[in-house]
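> Quick one: structure below, then a few questions.
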Amino acid sequence: MTRLSILKAALSEFAEKGFEAASIRSIAERTGLQHPLITYHYPTKDALWRATAEYAFEQIREKWDKSAPELSDAAPIDHLRAEYRAVFYYTAAFPEFHRFMRQEAMYDNPRLRWVAETVLTPLIDRLLPQIRAAQRDGDLPAIEPIVFHYMMISLTAMLAGFGPEMRVTSRVRPEVPTIVDSYWDHVENMVFGRRANSSGPRNRKRAQKLGTFRK
């Protein structure tokens, strides 16, 4: 529990301030733990940042792996629909995750290169073959697969990225479940339309399975 508390506090600290301005002392204050206890587990700020990144992405991988048996006979487009849905609901529940990543993606630096090689590449390598397969099936347009992927990542991060602005401009609270669900329903209809889960008993079975990805 101590490590988990540290990682959650670190995610908030790095998301809010960025790597350079964040401090282990501030993270200690967020957790109520003593500074030496954090440095015992994570001797440097860089080590803590990397552990935080691995922790965040592990939540998504666990969601994907848990649902994999249920989607074993599903079409590639159904896999993609479910996997991007998992990313969205995690990002909606923990908007700090998106802000954490944006802090490092604004410019090239060793942490961005590390997270790209260690965490992002394995996830992308899992998704791109499914995107290509869905394109061969005629279920997705013939857009460059990596461009499609980042388009979907942008859509998953919309509420997290624009949430604070939305509260000011319209008093809409993007964390409200009805807002979260209706937004993603529209994204799925816009991107996937009726090409996934459209007809037949096999597709109806897929639709029931995909329902488990909702919060």
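Chain lettering (A, B, ...) mirrors the order of the structure tokens, residue numbering begins at 1 for each chain separately, and ligand numbering begins at 1 in order of display.
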Quick one: residues within 10 Å of His98 of chain A, only C-alpha atoms counted, chain neighbours fewer than 5 positions away excluded, as a list of chain:residue names?
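Here the answer would be A:Ala15, A:Tyr90, A:Thr91, A:Ala92, A:Gln103, A:Ile153, A:Ser154, A:Thr156, A:Ala157, A:Met158, A:Leu159, A:Ala160, A:Gly161.
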> From a backbone DSSP assignment, name each residue in segment 18-193 of chain A labelled helix (DSSP H, G or I), as a ChimeraX atom specification.
/A:18-21,24-31,35-41,45-71,76-93,95-105,110-136,145-156,158-170,177-191
> List the neighbours of Ile131 of chain A out to 7 Å using only C-alpha atoms; skip same-chain residues closer than 4 positions along the sequence, and give me the result as an NGL selection string.
:A and (127 or 135 or 145)
> Emit the selected residues as a PDB file, in the first residue's frame, including N, CA and C atoms.

ATOM      1  N   LEU A 127      -1.495  -2.944 -31.034  1.00  0.00           N
ATOM      2  CA  LEU A 127      -2.659  -2.354 -31.690  1.00  0.00           C
ATOM      3  C   LEU A 127      -2.526  -2.275 -33.211  1.00  0.00           C
ATOM      4  N   GLN A 135      -8.613  -2.862 -41.335  1.00  0.00           N
ATOM      5  CA  GLN A 135      -8.607  -2.183 -42.629  1.00  0.00           C
ATOM      6  C   GLN A 135      -8.748  -3.186 -43.768  1.00  0.00           C
ATOM      7  N   PRO A 145      -1.956   3.492 -40.188  1.00  0.00           N
ATOM      8  CA  PRO A 145      -2.351   2.931 -38.898  1.00  0.00           C
ATOM      9  C   PRO A 145      -1.894   3.721 -37.686  1.00  0.00           C
TER      10      PRO A 145
END
> Give me the residues near Ala28 of chain A as a PyMOL selection string, where near means some atom within 9 Å (using only C-alpha atoms) and where sequence neighbours in that chain fewer than 4 positions away do not count.
chain A and resi 6+9-10+23-24+32-38
> How about saving the chosen residues, N, CA, C and O atoms kept, as a CSV table (one decimal), in the first residue's frame?

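Here's the written file out.csv:
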chain,number,residue,atom,x,y,z
A,6,ILE,N,2.5,6.2,-2.9
A,6,ILE,CA,3.5,7.0,-3.4
A,6,ILE,C,3.3,7.2,-4.9
A,6,ILE,O,3.4,8.4,-5.5
A,9,ALA,N,0.3,9.6,-5.7
A,9,ALA,CA,0.7,10.9,-5.4
A,9,ALA,C,1.7,11.5,-6.4
A,9,ALA,O,1.6,12.7,-6.8
A,10,ALA,N,2.6,10.7,-6.8
A,10,ALA,CA,3.6,11.1,-7.8
A,10,ALA,C,2.9,11.4,-9.1
A,10,ALA,O,3.3,12.3,-9.8
A,23,SER,N,8.7,17.7,-6.9
A,23,SER,CA,9.7,17.4,-5.9
A,23,SER,C,9.3,16.2,-5.1
A,23,SER,O,8.1,16.0,-4.9
A,24,ILE,N,10.2,15.4,-4.7
A,24,ILE,CA,9.9,14.3,-3.8
A,24,ILE,C,9.4,14.8,-2.5
A,24,ILE,O,8.5,14.1,-1.9
A,32,GLY,N,1.5,12.1,3.1
A,32,GLY,CA,1.7,12.1,4.5
A,32,GLY,C,2.8,11.2,5.0
A,32,GLY,O,2.9,11.0,6.2
A,33,LEU,N,3.6,10.8,4.1
A,33,LEU,CA,4.8,10.0,4.5
A,33,LEU,C,6.0,10.8,4.6
A,33,LEU,O,6.1,11.9,4.2
A,34,GLN,N,7.0,10.3,5.3
A,34,GLN,CA,8.3,10.9,5.5
A,34,GLN,C,9.1,10.9,4.2
A,34,GLN,O,9.1,9.9,3.5
A,35,HIS,N,9.8,12.0,3.9
A,35,HIS,CA,10.6,12.0,2.7
A,35,HIS,C,11.6,10.8,2.6
A,35,HIS,O,11.7,10.2,1.5
A,36,PRO,N,12.3,10.4,3.7
A,36,PRO,CA,13.2,9.3,3.5
A,36,PRO,C,12.5,8.0,3.2
A,36,PRO,O,13.2,7.1,2.5
A,37,LEU,N,11.3,7.8,3.5
A,37,LEU,CA,10.6,6.6,3.2
A,37,LEU,C,10.4,6.5,1.7
A,37,LEU,O,10.5,5.4,1.1
A,38,ILE,N,10.1,7.6,1.0
A,38,ILE,CA,9.9,7.6,-0.4
A,38,ILE,C,11.3,7.4,-1.1
A,38,ILE,O,11.4,6.6,-2.1
> Counting only C-alpha atoms, figure out which residue out of A:Ala86, A:Ala105, A:Val168, A:Val191 gets nearest to Pro141 of chain A.
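Ranked by minimum distance to Pro141 of chain A, first place goes to A:Val191.
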> May I ask for the distance between atom CA of Phe100 of chain A and atom CA of Phe14 of chain A, given in Å to one decimal place?
5.8 Å
> With distances taken over only C-alpha atoms, which residue among A:Met101, A:Ala22, A:Ala116, A:Leu11 lies nearest Lys45 of chain A?
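For Lys45 of chain A, the nearest of the candidates is A:Ala22.
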> Any idea what the distance is between atom CA of Gln130 of chain A and atom CA of Tyr55 of chain A?
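Rounded to one decimal, the two atoms are 24.7 Å apart.
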> Which residue out of A:Lys8, A:Leu123, A:Ser26, A:Phe97 has the minimum interatomic distance to Glu62 of chain A when only C-alpha atoms are used?
A:Leu123
> Under the rule that only C-alpha atoms are counted, which of A:Ala133, A:Leu4, A:Ile143, A:Ile60 is the nearest residue to Val87 of chain A?
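The closest residue to Val87 of chain A is A:Ile60.
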> My list of candidates is A:Gly193, A:Val147, A:Ala21, A:Glu16. Which is closest to Arg102 of chain A when distances are computed with only C-alpha atoms?
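Closest candidate: A:Glu16.
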> Which residue, A:Met1, A:Val172, A:Ala53, A:Val187, has the smallest gap to Leu112 of chain A when you use only C-alpha atoms?
A:Ala53
> Atom CA of Ile179 of chain A and atom CA of Phe162 of chain A are how many Å apart?
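Going from atom CA of Ile179 of chain A over to atom CA of Phe162 of chain A, I get 13.2 Å.
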> Find the residues around Ala68 of chain A up to 10 Å (only C-alpha atoms counted), leave out those fewer than 6 positions away in its own chain, and share them as a PyMOL selection string.
chain A and resi 62+74+79+82-83
